[in-house]
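Shown next, in structure tokens, is the structure this report addresses.
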Amino acid sequence: MIDQKKSGMFTKLYYLLLLTALNPVKNIAIVEAQPDPCNTLVETYGIDADVVLGFIGSKRLSSSNDLCDLSDVRSDQLYEAARIMVDHLPSSVRLPNITIGIEFYYDCGPSSLVTSASLQYAVSSQDQCRMSDPLKPGVIGPVMDSLVPLASSVLSAVNIPLVSPTAATVTSHKRTESAPENVFRTLPSTSHQAQVLVDLVEYFGWSYFTLIATRGKYGVGGANETRRLAEEKGICASQTILMNDLENSRGTYDDVVTDLLGNPEAKGVVLWCSTNNIIGLLEAIERNNGEALNLILLTSESALSNVTLLDSYPKAARGLIGVRPFDSTNTAAFDYLRQYSTATFDNLYVIPVLDAVLAYSHALADIHQERCSGTAGMCTAMTELSSQEMFNALEKTTFTGIRGEEFAFDGNGEPTRFTLEILQYQNDTSGTAGGQGYSTQQIGVWKPTSGLVLLGTFEHYSQNGLVDVTPSSICGNLCSICDQSIPPRQEGGGNMPYKNRGDRYIRVPGDLDIPSILSLSDPGYFGHDGLLCGKIREKEVLNTLALSYAMDKVNADPDVFPGIKLGVTIMDSCSQAVIATRQLAGVLGQTVASLESTGPTVGILGPGTDEVAKQVVDEITAPSGLTTVSYGNAPSAIQSSNFFQTSPSLDAQVRVIARLLADLDWYYTGIVYSSSTYGKTGYDAFITVAKEYGICIGLAKEIPANAMQPDYDVIITDLFKSQDLNIIVTFVSEYEARRLLITEHLFGFDRFSWVGTETWTADAELFEGFENSAHGSLIVAPAIGDLTELQAYLSAMPVQDVLASNPWITPALRNIFPCDNTTGQQHGDYDQLNMDCVDLGLSGLGTLITLGEYSSDIGHIINAFYALAYGADRLRQLKCVNESQPLCMEFLETFLSQELYEIVANVNFDTNGQEFSFSNKTGPSEFTVQNFQQVDSNLQLMEIGSWMKANLTLDLDLIVLASTAAAGPQRDPLRCDLCFGNDEEEEPPEILDWELEGIWVTIILAISAVCLFLIFCTVCAFVYNYNHPVVTSASLTLSLWLLLGLAMMYCMNLAYLLHANTTICAIRRVGTALSYAVTYAAMSVKSIRVNRLVRGKPGDSMSFTSYWSETILFCVFVSAQFFIAGAWLLLQRPNANTIPGALIECEGQENLWTCDYTHLEFIISLTYVYALVLFTFFSSIGAVKFPYYLNEGKFLFLGSLANMAILISWACVYTLAADVTIAIPALCIGTTADATIVLAAMFLPKCGYIGKPLMTILNFQPENPKTGLENNMDETTDF
């Protein structure tokens, strides 16, 4: 009889087994092991033991999907340690005459096998192979935390306890659905490591640190817990930079280091990363000279899993501090193991394994004491022990652990007492590294009862070695992620409180308001969680001062809005459309509670970047009717009637670039462009203008969205391979420009002269460290204009007022103001910066800012404010003529109407002595031409020319280029000396003319001609001898169809050797597949016919072997291909285009044309052909061994087999080859080879027998009087 408890358990097991049967898991064989005879996944120690514990671990690893063939030495230590423990239990474990064994279940690494291993243990008590039924109280393992939920999900169904020797992640250390109640841990959860890391941050006195984590429960959970604990202590943690565990791209790690470089005052970095990510980061730090940052890396246990890895990157790793749940100074566990084994034990995870065995052993001893008191061995009451009772015993057990500490489980199944070790990778002084280099030294411990206890000395390193002072880590000038306390604006200005960079505002209240969207910061790093702002753009921040200047000038003009004060609300879009629309919606909807009230909105100033401007216009200003005046180079894709830009159009800028190239005699260039709207618009415009100027485009490369370093590697190497390509025109962002120069620098190239736009001058630090690559670059940027009056205004502006009211100005002026360098104070100290400037007697900003510090947008921002202000004032004058109030209601109601737009479109005003007016909704086309020149070690931007009133002026003597290769005329060496434009759209040639040349063309044409002649001769011979037994046995009808298909295959070569036009492209689409289909439809019917005939008896009349039945079957096979070809022609009209790179027609040389379908589309169109070839091959196998009909079956088999190999070969080459000069020869050669093989196999033997005496043919195989030929002399029809 089975009791109710066991009955319920068996029911659960039944459903588990049913689940496994429906979702079988592959059983992996173990190579060179001693497997259990009943299951190759199990290795048993102590098969006759009274108690058998399960152990799930990666004792062996898998090099493939079907073998556990690799030994895992470190996991071997865990198994060996457990085996020793069950053999030599301490005397405190009282289990008289009871033996314990272990079943080791191989999971071999793949997580899919953990479920199978757990299930095997659960059902193994019913295993019919065993001679005994030992007690199976529970399982130890798995040895990876990520696999624990998989095992527990199976074992919890039957209440089997699971004691894991791993530390639970923060997200799963509490008993929830993700961590079932049957799980115990012998290591503390990683949440305690987070506590230690925060305590270290507090000990160092840091107010800020950066978090980097691996995606997943371990990394993200640990990072979030660290941030939470830090916030409780008032310490600011940045948003987490996230990486994929298996990330191997150098570019990803370089981007992370670049992000760290953007916060040079934040020295503390806390890592919750996998070992792979740790290695990638250390390598990137050394590769990018990151050790100069003097970073202090604090990391969880993953970096210490294999300390020898740190030795490969000593400069980056020195000073690294790690936390792990062990105390390496306590050697009790290893001393115990060495008593019973000579094996090497260096894996610290043997400690929690030994504690897991002790936990089970002491729990069993407690049960034996309770149920079998006074009885040696297993009593009946103990053999009936349920899993729930075992679980309860584990919860209550208390014992002395292997390290001599008291051990017990808390309510979450974790140890109540433990020690966390704090290690640092520092100069070797103990001799562990042979007296040289670095090694890990214990510098402290952490216990729940005592907290952080320091036992050694921290060492801190700078680029030059050890330093005595602990580096500070603050959220200073270039950080701006954490909350800052900004004093209120002086002289009646409003407070500017903000919580984070995406919610910062500057508001100067007025009777009318002009919300202004500026791009004061870079976008946040792509790996952050959430929308963030990146590094502050120093030049862009000065645009806020320009707005203040324009506002004060308008308010001081008695002729403009007399008695009315204009106000402004400044927002930082962080170059992200989502942030810009969110902030603008809050300002217009008056939902930003921290902002003072202000007057009605006149119009919107900005944004300045293309993507942001388009979204703001599409989602907010266009639907609401607000007039928008941008200061940037917005894309032509913005079709809103109420949108203007004060900067010149991108089309005008592109025309200046083309004119610059022509004046420098550069008629051969490459182009690199971004995948953004700006990049694609610039590329399209340049292609159009290049035709007019006769400029050849040698190579065009697009930078993919979210491009990584390998993408830049491909772009630079492709450009370099074009050896005569020295000039590269770019339409890219500033970040992409920097990545291009970094890559050029890494490859050691110095040949290119880059031609860029104002994005190349947006950031003062854009080319820092890569000055050699930027040297010689030419920049065409909108003219800034005369800023003398702005300089005078800023000179009178008190520094203290600016610093107090502008949350962005302090970090922007870091490299301009020397004030804080005199006292050695930290840059992040706002008050000290203020006082230092006063001490130096600096009364205004203008004396410190040079013209080179301003962005190229600053004049356009001033003009944008003027356009809205003067336009609105003109509208007020029209609407409020007879009104006593300066702001009449009729005027205020027009802001959302077409009237303001029409007035702004025709507004004109004087700006610094020059008249401004819109032309086609854009500003005047005025540009400067600048040249990056390296003087000593400094990179300077020299003005070498200008474009004013459609006239380009250059001072050629001032130009310095990157290399002598760019100094002379630039021509396309392969196509022509000079390209001339053609404004008309080029049509493909309709004449029949050769397009490709070469020896292969001659060979293909010669073979095709000879074979076509042979086909003609064969047709004549077969028709003339239609009653000949050779002809009748081969079926005259099918033979003629087959010869037709072969002739079509040879003729198709002409279609690929002639110029591609609409007619030729249609023939190519239909002809190739149709010729193959005709050929293999005939061969398929032949294979069916020969199979039926060879199996028939002499004299029998065979159905479906007559001429009519064979023809009908042939037509059925071919009709499918006719349908496919017709559908393709109807759905996609055939056309021809020039090949990529041959964009402009040159005088004296024609373009190379190709059909508009892709190579892959063409190969897909042959799908039905592949099916026919395979059908012929498999159907002919049955007739191979029959020599009848002159070995017809054998030749069908060999012909289709050879055709398959050739067809696959040329199809692969054709698909992968982007160059048509490679793809077309592959297709022609492959098709010719296929046709020739079939022609030789199917007709050469038959033609040899036509004309021979009949008896000679009939005696072809004397050992078998039946040849099959005589049976076809009087072939009857039975259709």
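By order of appearance in the structure tokens: chains A, B, ..., then residues from 1 within every chain, and ligands from 1 in the order shown.
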If we count only C-alpha atoms, what is near Ala1077 of chain A at a cut-off of 10 Å, once residues fewer than 4 positions away on the same chain are taken out, given as a PDB file with all heavy atoms, in the first residue's frame?
ATOM      1  N   LEU A1042      14.283  17.743 -74.086  1.00  0.00           N
ATOM      2  CA  LEU A1042      15.538  17.905 -73.350  1.00  0.00           C
ATOM      3  C   LEU A1042      16.548  18.696 -74.163  1.00  0.00           C
ATOM      4  O   LEU A1042      17.226  19.595 -73.643  1.00  0.00           O
ATOM      5  CB  LEU A1042      16.102  16.532 -72.971  1.00  0.00           C
ATOM      6  CG  LEU A1042      17.442  16.514 -72.225  1.00  0.00           C
ATOM      7  CD1 LEU A1042      17.388  17.372 -70.964  1.00  0.00           C
ATOM      8  CD2 LEU A1042      17.839  15.091 -71.867  1.00  0.00           C
ATOM      9  N   GLY A1045      15.691  22.381 -74.045  1.00  0.00           N
ATOM     10  CA  GLY A1045      16.116  23.030 -72.803  1.00  0.00           C
ATOM     11  C   GLY A1045      17.605  23.317 -72.780  1.00  0.00           C
ATOM     12  O   GLY A1045      18.051  24.386 -72.342  1.00  0.00           O
ATOM     13  N   GLY A1071      14.399  33.603 -68.656  1.00  0.00           N
ATOM     14  CA  GLY A1071      15.117  32.611 -69.441  1.00  0.00           C
ATOM     15  C   GLY A1071      15.903  31.596 -68.653  1.00  0.00           C
ATOM     16  O   GLY A1071      15.834  30.386 -68.934  1.00  0.00           O
ATOM     17  N   THR A1072      16.673  32.043 -67.667  1.00  0.00           N
ATOM     18  CA  THR A1072      17.535  31.116 -66.937  1.00  0.00           C
ATOM     19  C   THR A1072      16.712  30.038 -66.236  1.00  0.00           C
ATOM     20  O   THR A1072      16.956  28.834 -66.395  1.00  0.00           O
ATOM     21  CB  THR A1072      18.390  31.872 -65.916  1.00  0.00           C
ATOM     22  OG1 THR A1072      19.163  32.872 -66.596  1.00  0.00           O
ATOM     23  CG2 THR A1072      19.327  30.922 -65.191  1.00  0.00           C
ATOM     24  N   ALA A1073      15.742  30.473 -65.452  1.00  0.00           N
ATOM     25  CA  ALA A1073      14.921  29.503 -64.721  1.00  0.00           C
ATOM     26  C   ALA A1073      14.117  28.625 -65.681  1.00  0.00           C
ATOM     27  O   ALA A1073      13.978  27.405 -65.452  1.00  0.00           O
ATOM     28  CB  ALA A1073      13.986  30.233 -63.759  1.00  0.00           C
ATOM     29  N   ALA A1081      12.482  19.199 -66.405  1.00  0.00           N
ATOM     30  CA  ALA A1081      11.160  18.598 -66.548  1.00  0.00           C
ATOM     31  C   ALA A1081      11.261  17.364 -67.444  1.00  0.00           C
ATOM     32  O   ALA A1081      10.670  16.306 -67.143  1.00  0.00           O
ATOM     33  CB  ALA A1081      10.184  19.609 -67.135  1.00  0.00           C
ATOM     34  N   ALA A1082      12.044  17.482 -68.533  1.00  0.00           N
ATOM     35  CA  ALA A1082      12.261  16.337 -69.422  1.00  0.00           C
ATOM     36  C   ALA A1082      13.003  15.222 -68.698  1.00  0.00           C
ATOM     37  O   ALA A1082      12.659  14.030 -68.812  1.00  0.00           O
ATOM     38  CB  ALA A1082      13.024  16.781 -70.661  1.00  0.00           C
ATOM     39  N   MET A1083      14.038  15.592 -67.922  1.00  0.00           N
ATOM     40  CA  MET A1083      14.799  14.564 -67.213  1.00  0.00           C
ATOM     41  C   MET A1083      13.964  13.912 -66.114  1.00  0.00           C
ATOM     42  O   MET A1083      14.112  12.722 -65.822  1.00  0.00           O
ATOM     43  CB  MET A1083      16.073  15.178 -66.642  1.00  0.00           C
ATOM     44  CG  MET A1083      17.078  15.598 -67.712  1.00  0.00           C
ATOM     45  SD  MET A1083      18.613  16.261 -67.037  1.00  0.00           S
ATOM     46  CE  MET A1083      19.327  14.812 -66.294  1.00  0.00           C
ATOM     47  N   SER A1084      13.073  14.700 -65.454  1.00  0.00           N
ATOM     48  CA  SER A1084      12.212  14.129 -64.417  1.00  0.00           C
ATOM     49  C   SER A1084      11.261  13.090 -65.018  1.00  0.00           C
ATOM     50  O   SER A1084      11.075  12.000 -64.462  1.00  0.00           O
ATOM     51  CB  SER A1084      11.413  15.239 -63.737  1.00  0.00           C
ATOM     52  OG  SER A1084      12.261  16.126 -63.053  1.00  0.00           O
ATOM     53  N   PHE A1114       5.230  16.239 -69.011  1.00  0.00           N
ATOM     54  CA  PHE A1114       6.293  17.247 -69.173  1.00  0.00           C
ATOM     55  C   PHE A1114       5.703  18.659 -69.081  1.00  0.00           C
ATOM     56  O   PHE A1114       6.248  19.542 -68.406  1.00  0.00           O
ATOM     57  CB  PHE A1114       7.004  17.031 -70.509  1.00  0.00           C
ATOM     58  CG  PHE A1114       7.863  18.192 -70.924  1.00  0.00           C
ATOM     59  CD1 PHE A1114       9.139  18.345 -70.418  1.00  0.00           C
ATOM     60  CD2 PHE A1114       7.398  19.144 -71.829  1.00  0.00           C
ATOM     61  CE1 PHE A1114       9.926  19.417 -70.799  1.00  0.00           C
ATOM     62  CE2 PHE A1114       8.171  20.207 -72.220  1.00  0.00           C
ATOM     63  CZ  PHE A1114       9.439  20.355 -71.701  1.00  0.00           C
ATOM     64  N   PHE A1117       4.927  19.721 -65.544  1.00  0.00           N
ATOM     65  CA  PHE A1117       6.129  20.128 -64.813  1.00  0.00           C
ATOM     66  C   PHE A1117       6.571  21.532 -65.214  1.00  0.00           C
ATOM     67  O   PHE A1117       6.943  22.352 -64.375  1.00  0.00           O
ATOM     68  CB  PHE A1117       7.270  19.139 -65.078  1.00  0.00           C
ATOM     69  CG  PHE A1117       7.191  17.897 -64.243  1.00  0.00           C
ATOM     70  CD1 PHE A1117       7.414  16.650 -64.793  1.00  0.00           C
ATOM     71  CD2 PHE A1117       6.910  17.968 -62.892  1.00  0.00           C
ATOM     72  CE1 PHE A1117       7.346  15.506 -64.019  1.00  0.00           C
ATOM     73  CE2 PHE A1117       6.857  16.828 -62.098  1.00  0.00           C
ATOM     74  CZ  PHE A1117       7.057  15.581 -62.664  1.00  0.00           C
ATOM     75  N   VAL A1118       6.547  21.855 -66.490  1.00  0.00           N
ATOM     76  CA  VAL A1118       7.057  23.141 -66.967  1.00  0.00           C
ATOM     77  C   VAL A1118       6.096  24.279 -66.638  1.00  0.00           C
ATOM     78  O   VAL A1118       6.521  25.421 -66.397  1.00  0.00           O
ATOM     79  CB  VAL A1118       7.323  23.077 -68.486  1.00  0.00           C
ATOM     80  CG1 VAL A1118       7.692  24.451 -69.035  1.00  0.00           C
ATOM     81  CG2 VAL A1118       8.427  22.091 -68.788  1.00  0.00           C
ATOM     82  N   SER A1119       4.800  24.006 -66.608  1.00  0.00           N
ATOM     83  CA  SER A1119       3.814  25.076 -66.407  1.00  0.00           C
ATOM     84  C   SER A1119       4.003  25.800 -65.082  1.00  0.00           C
ATOM     85  O   SER A1119       3.724  27.000 -64.977  1.00  0.00           O
ATOM     86  CB  SER A1119       2.402  24.494 -66.483  1.00  0.00           C
ATOM     87  OG  SER A1119       2.198  23.528 -65.462  1.00  0.00           O
ATOM     88  N   ALA A1120       4.470  25.091 -64.075  1.00  0.00           N
ATOM     89  CA  ALA A1120       4.699  25.741 -62.770  1.00  0.00           C
ATOM     90  C   ALA A1120       5.721  26.859 -62.897  1.00  0.00           C
ATOM     91  O   ALA A1120       5.575  27.937 -62.314  1.00  0.00           O
ATOM     92  CB  ALA A1120       5.144  24.705 -61.739  1.00  0.00           C
ATOM     93  N   GLN A1121       6.792  26.631 -63.656  1.00  0.00           N
ATOM     94  CA  GLN A1121       7.808  27.662 -63.830  1.00  0.00           C
ATOM     95  C   GLN A1121       7.279  28.836 -64.649  1.00  0.00           C
ATOM     96  O   GLN A1121       7.620  29.987 -64.399  1.00  0.00           O
ATOM     97  CB  GLN A1121       9.060  27.069 -64.493  1.00  0.00           C
ATOM     98  CG  GLN A1121      10.211  28.042 -64.625  1.00  0.00           C
ATOM     99  CD  GLN A1121      10.655  28.578 -63.269  1.00  0.00           C
ATOM    100  OE1 GLN A1121      10.809  27.829 -62.300  1.00  0.00           O
ATOM    101  NE2 GLN A1121      10.840  29.875 -63.189  1.00  0.00           N
ATOM    102  N   PHE A1122       6.423  28.562 -65.647  1.00  0.00           N
ATOM    103  CA  PHE A1122       5.796  29.639 -66.403  1.00  0.00           C
ATOM    104  C   PHE A1122       4.979  30.539 -65.474  1.00  0.00           C
ATOM    105  O   PHE A1122       5.012  31.771 -65.588  1.00  0.00           O
ATOM    106  CB  PHE A1122       4.894  29.062 -67.499  1.00  0.00           C
ATOM    107  CG  PHE A1122       5.617  28.811 -68.795  1.00  0.00           C
ATOM    108  CD1 PHE A1122       5.898  27.520 -69.216  1.00  0.00           C
ATOM    109  CD2 PHE A1122       6.018  29.870 -69.597  1.00  0.00           C
ATOM    110  CE1 PHE A1122       6.561  27.281 -70.412  1.00  0.00           C
ATOM    111  CE2 PHE A1122       6.680  29.650 -70.790  1.00  0.00           C
ATOM    112  CZ  PHE A1122       6.959  28.348 -71.209  1.00  0.00           C
ATOM    113  N   LEU A1166      14.820  30.619 -58.635  1.00  0.00           N
ATOM    114  CA  LEU A1166      15.181  29.289 -59.135  1.00  0.00           C
ATOM    115  C   LEU A1166      14.750  28.168 -58.187  1.00  0.00           C
ATOM    116  O   LEU A1166      15.167  27.024 -58.359  1.00  0.00           O
ATOM    117  CB  LEU A1166      16.698  29.214 -59.345  1.00  0.00           C
ATOM    118  CG  LEU A1166      17.306  30.154 -60.403  1.00  0.00           C
ATOM    119  CD1 LEU A1166      18.820  30.057 -60.379  1.00  0.00           C
ATOM    120  CD2 LEU A1166      16.794  29.814 -61.784  1.00  0.00           C
ATOM    121  N   TYR A1168      12.017  26.503 -57.768  1.00  0.00           N
ATOM    122  CA  TYR A1168      11.346  25.381 -58.406  1.00  0.00           C
ATOM    123  C   TYR A1168      12.336  24.519 -59.192  1.00  0.00           C
ATOM    124  O   TYR A1168      12.198  23.295 -59.251  1.00  0.00           O
ATOM    125  CB  TYR A1168      10.251  25.892 -59.335  1.00  0.00           C
ATOM    126  CG  TYR A1168       9.456  24.783 -60.016  1.00  0.00           C
ATOM    127  CD1 TYR A1168       8.695  23.883 -59.273  1.00  0.00           C
ATOM    128  CD2 TYR A1168       9.488  24.628 -61.399  1.00  0.00           C
ATOM    129  CE1 TYR A1168       7.975  22.870 -59.884  1.00  0.00           C
ATOM    130  CE2 TYR A1168       8.775  23.617 -62.031  1.00  0.00           C
ATOM    131  CZ  TYR A1168       8.025  22.738 -61.268  1.00  0.00           C
ATOM    132  OH  TYR A1168       7.327  21.731 -61.864  1.00  0.00           O
ATOM    133  N   VAL A1169      13.340  25.148 -59.771  1.00  0.00           N
ATOM    134  CA  VAL A1169      14.379  24.404 -60.497  1.00  0.00           C
ATOM    135  C   VAL A1169      15.108  23.467 -59.545  1.00  0.00           C
ATOM    136  O   VAL A1169      15.368  22.301 -59.876  1.00  0.00           O
ATOM    137  CB  VAL A1169      15.367  25.376 -61.176  1.00  0.00           C
ATOM    138  CG1 VAL A1169      16.576  24.614 -61.727  1.00  0.00           C
ATOM    139  CG2 VAL A1169      14.671  26.152 -62.273  1.00  0.00           C
ATOM    140  N   TYR A1170      15.433  23.973 -58.343  1.00  0.00           N
ATOM    141  CA  TYR A1170      16.111  23.114 -57.363  1.00  0.00           C
ATOM    142  C   TYR A1170      15.256  21.888 -57.057  1.00  0.00           C
ATOM    143  O   TYR A1170      15.773  20.771 -56.913  1.00  0.00           O
ATOM    144  CB  TYR A1170      16.404  23.886 -56.067  1.00  0.00           C
ATOM    145  CG  TYR A1170      17.091  25.214 -56.253  1.00  0.00           C
ATOM    146  CD1 TYR A1170      16.807  26.301 -55.419  1.00  0.00           C
ATOM    147  CD2 TYR A1170      18.035  25.405 -57.267  1.00  0.00           C
ATOM    148  CE1 TYR A1170      17.422  27.519 -55.579  1.00  0.00           C
ATOM    149  CE2 TYR A1170      18.657  26.624 -57.428  1.00  0.00           C
ATOM    150  CZ  TYR A1170      18.345  27.680 -56.595  1.00  0.00           C
ATOM    151  OH  TYR A1170      18.961  28.889 -56.768  1.00  0.00           O
ATOM    152  N   ALA A1171      13.954  22.095 -56.948  1.00  0.00           N
ATOM    153  CA  ALA A1171      13.056  20.977 -56.642  1.00  0.00           C
ATOM    154  C   ALA A1171      13.072  19.943 -57.767  1.00  0.00           C
ATOM    155  O   ALA A1171      13.090  18.729 -57.512  1.00  0.00           O
ATOM    156  CB  ALA A1171      11.646  21.507 -56.409  1.00  0.00           C
ATOM    157  N   LEU A1172      13.088  20.383 -59.027  1.00  0.00           N
ATOM    158  CA  LEU A1172      13.119  19.457 -60.156  1.00  0.00           C
ATOM    159  C   LEU A1172      14.425  18.666 -60.194  1.00  0.00           C
ATOM    160  O   LEU A1172      14.435  17.459 -60.474  1.00  0.00           O
ATOM    161  CB  LEU A1172      12.938  20.217 -61.473  1.00  0.00           C
ATOM    162  CG  LEU A1172      11.524  20.740 -61.781  1.00  0.00           C
ATOM    163  CD1 LEU A1172      11.528  21.545 -63.074  1.00  0.00           C
ATOM    164  CD2 LEU A1172      10.528  19.597 -61.874  1.00  0.00           C
ATOM    165  N   VAL A1173      15.549  19.352 -59.908  1.00  0.00           N
ATOM    166  CA  VAL A1173      16.841  18.662 -59.904  1.00  0.00           C
ATOM    167  C   VAL A1173      16.860  17.594 -58.821  1.00  0.00           C
ATOM    168  O   VAL A1173      17.301  16.457 -59.048  1.00  0.00           O
ATOM    169  CB  VAL A1173      17.990  19.671 -59.702  1.00  0.00           C
ATOM    170  CG1 VAL A1173      19.325  18.938 -59.602  1.00  0.00           C
ATOM    171  CG2 VAL A1173      18.032  20.665 -60.857  1.00  0.00           C
TER     172      VAL A1173
END
For the alpha helix (DSSP H) assignment from backbone DSSP, which residues of segment 311-440 of chain A qualify? Please present them as a ChimeraX atom specification.
/A:314-317,332-338,350-371,380-383,387-396
Atom CA of Thr743 of chain A to atom CA of Ala658 of chain A measures 26.0 Å
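Distance annotation: of A:Ser1209, A:Lys721, A:Arg83, A:Val1090, the residue with the minimal separation from Ser1180 of chain A is A:Val1090; atom set is only C-alpha atoms.
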Identify, on the basis of only C-alpha atoms, every residue whose closest approach to segment 338-340 of chain A does not exceed 12 Å; exclude the query and any residue fewer than 6 positions from it along the same chain; express the result as a ChimeraX atom specification.
/A:80-81,83-89,331-332,346
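One distance worth recording is that between atom CA of Ser573 of chain A and atom CA of Ser856 of chain A, which is 18.2 Å.
Ranking A:Thr1063, A:Ala781, A:Arg227, A:Gly776 by their shortest atom-to-atom distance to Gln933 of chain A, with only C-alpha atoms included, puts A:Gly776 first.
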Contacts of segment 160-164 of chain A at 10 Å or less, counting only C-alpha atoms, minus same-chain residues fewer than 6 places along, as number ranges by chain?
A: 54-56, 118, 121-122, 136-145, 148, 151-152, 154, 180-187, 352-353, 355-357, 359-360, 386-392, 394, 413-414
Give me the residues within 12 Å of Ser312 of chain A as JSON, numbers by chain, counting only C-alpha atoms and dropping any in the same chain fewer than 4 places off.
{"A": [278, 279, 280, 282, 283, 286, 306, 307, 308, 316, 317, 318, 437, 438, 439]}
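For Thr928 of chain A, the non-local neighbours within 6 Å, defined as residues at least 4 positions apart in the same chain or in other chains and counting only C-alpha atoms, are Val780, Ala781, Ala783, Gly945 and Ser946 of chain A.
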Compile the contact shell of segment 917-926 of chain A as a PyMOL selection string: residues with an atom at most 7 Å away, counting only C-alpha atoms, same-chain residues fewer than 5 positions apart removed.
chain A and resi 644-649+652+782-783+905-908+947-948
Next, the residues of the selection above should be written as a CSV table (one decimal), in the first residue's frame with N, CA, C and O atoms.
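Output saved as selection_28.csv:
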chain,number,residue,atom,x,y,z
A,644,PHE,N,10.5,78.2,-40.1
A,644,PHE,CA,11.6,78.9,-40.8
A,644,PHE,C,12.9,78.5,-40.1
A,644,PHE,O,12.9,77.9,-39.1
A,645,GLN,N,14.0,78.8,-40.8
A,645,GLN,CA,15.3,78.7,-40.2
A,645,GLN,C,16.1,79.9,-40.6
A,645,GLN,O,16.1,80.3,-41.8
A,646,THR,N,16.9,80.4,-39.6
A,646,THR,CA,17.7,81.6,-39.9
A,646,THR,C,19.0,81.2,-40.5
A,646,THR,O,19.8,82.1,-41.0
A,647,SER,N,19.4,79.9,-40.4
A,647,SER,CA,20.7,79.5,-41.0
A,647,SER,C,20.4,79.2,-42.5
A,647,SER,O,19.3,79.0,-42.9
A,648,PRO,N,21.5,79.2,-43.3
A,648,PRO,CA,21.3,78.9,-44.7
A,648,PRO,C,20.9,77.4,-44.9
A,648,PRO,O,21.1,76.6,-44.0
A,649,SER,N,20.3,77.1,-46.0
A,649,SER,CA,19.8,75.7,-46.3
A,649,SER,C,21.0,74.8,-46.5
A,649,SER,O,22.1,75.2,-46.9
A,652,ALA,N,22.2,74.9,-50.1
A,652,ALA,CA,23.1,75.9,-50.3
A,652,ALA,C,24.5,75.5,-49.8
A,652,ALA,O,25.5,75.8,-50.5
A,782,PRO,N,28.2,77.7,-41.7
A,782,PRO,CA,27.6,79.0,-41.8
A,782,PRO,C,28.4,80.1,-41.1
A,782,PRO,O,29.0,79.9,-40.1
A,783,ALA,N,28.4,81.3,-41.7
A,783,ALA,CA,29.1,82.4,-41.1
A,783,ALA,C,28.5,82.8,-39.8
A,783,ALA,O,27.3,82.9,-39.7
A,905,ALA,N,7.6,85.8,-42.5
A,905,ALA,CA,8.1,85.4,-43.8
A,905,ALA,C,8.7,86.6,-44.5
A,905,ALA,O,9.6,86.5,-45.3
A,906,ASN,N,8.1,87.8,-44.2
A,906,ASN,CA,8.6,89.0,-44.9
A,906,ASN,C,9.3,90.0,-44.0
A,906,ASN,O,9.5,91.2,-44.5
A,907,VAL,N,9.6,89.6,-42.8
A,907,VAL,CA,10.3,90.5,-41.9
A,907,VAL,C,11.7,90.8,-42.4
A,907,VAL,O,12.4,89.9,-43.0
A,908,ASN,N,12.2,92.0,-42.1
A,908,ASN,CA,13.6,92.3,-42.4
A,908,ASN,C,14.1,93.2,-41.3
A,908,ASN,O,13.3,94.1,-40.8
A,947,TRP,N,32.0,82.4,-48.5
A,947,TRP,CA,31.0,82.4,-49.6
A,947,TRP,C,30.0,83.5,-49.3
A,947,TRP,O,29.3,83.4,-48.3
A,948,MET,N,30.1,84.6,-50.0
A,948,MET,CA,29.2,85.7,-49.8
A,948,MET,C,28.6,86.1,-51.2
A,948,MET,O,29.3,86.3,-52.2
Quick one: distance from atom CA of Ala662 of chain A to atom CA of Ile695 of chain A in Å, one decimal?
7.7 Å
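Closest to Val568 of chain A among A:Phe865, A:Phe752, A:Phe686, A:Phe334 is A:Phe865, based on only C-alpha atoms.
Minimum distance to Lys447 of chain A across A:Ala546, A:His1159, A:Ser146, A:His192 (counting only C-alpha atoms) occurs at A:His192.
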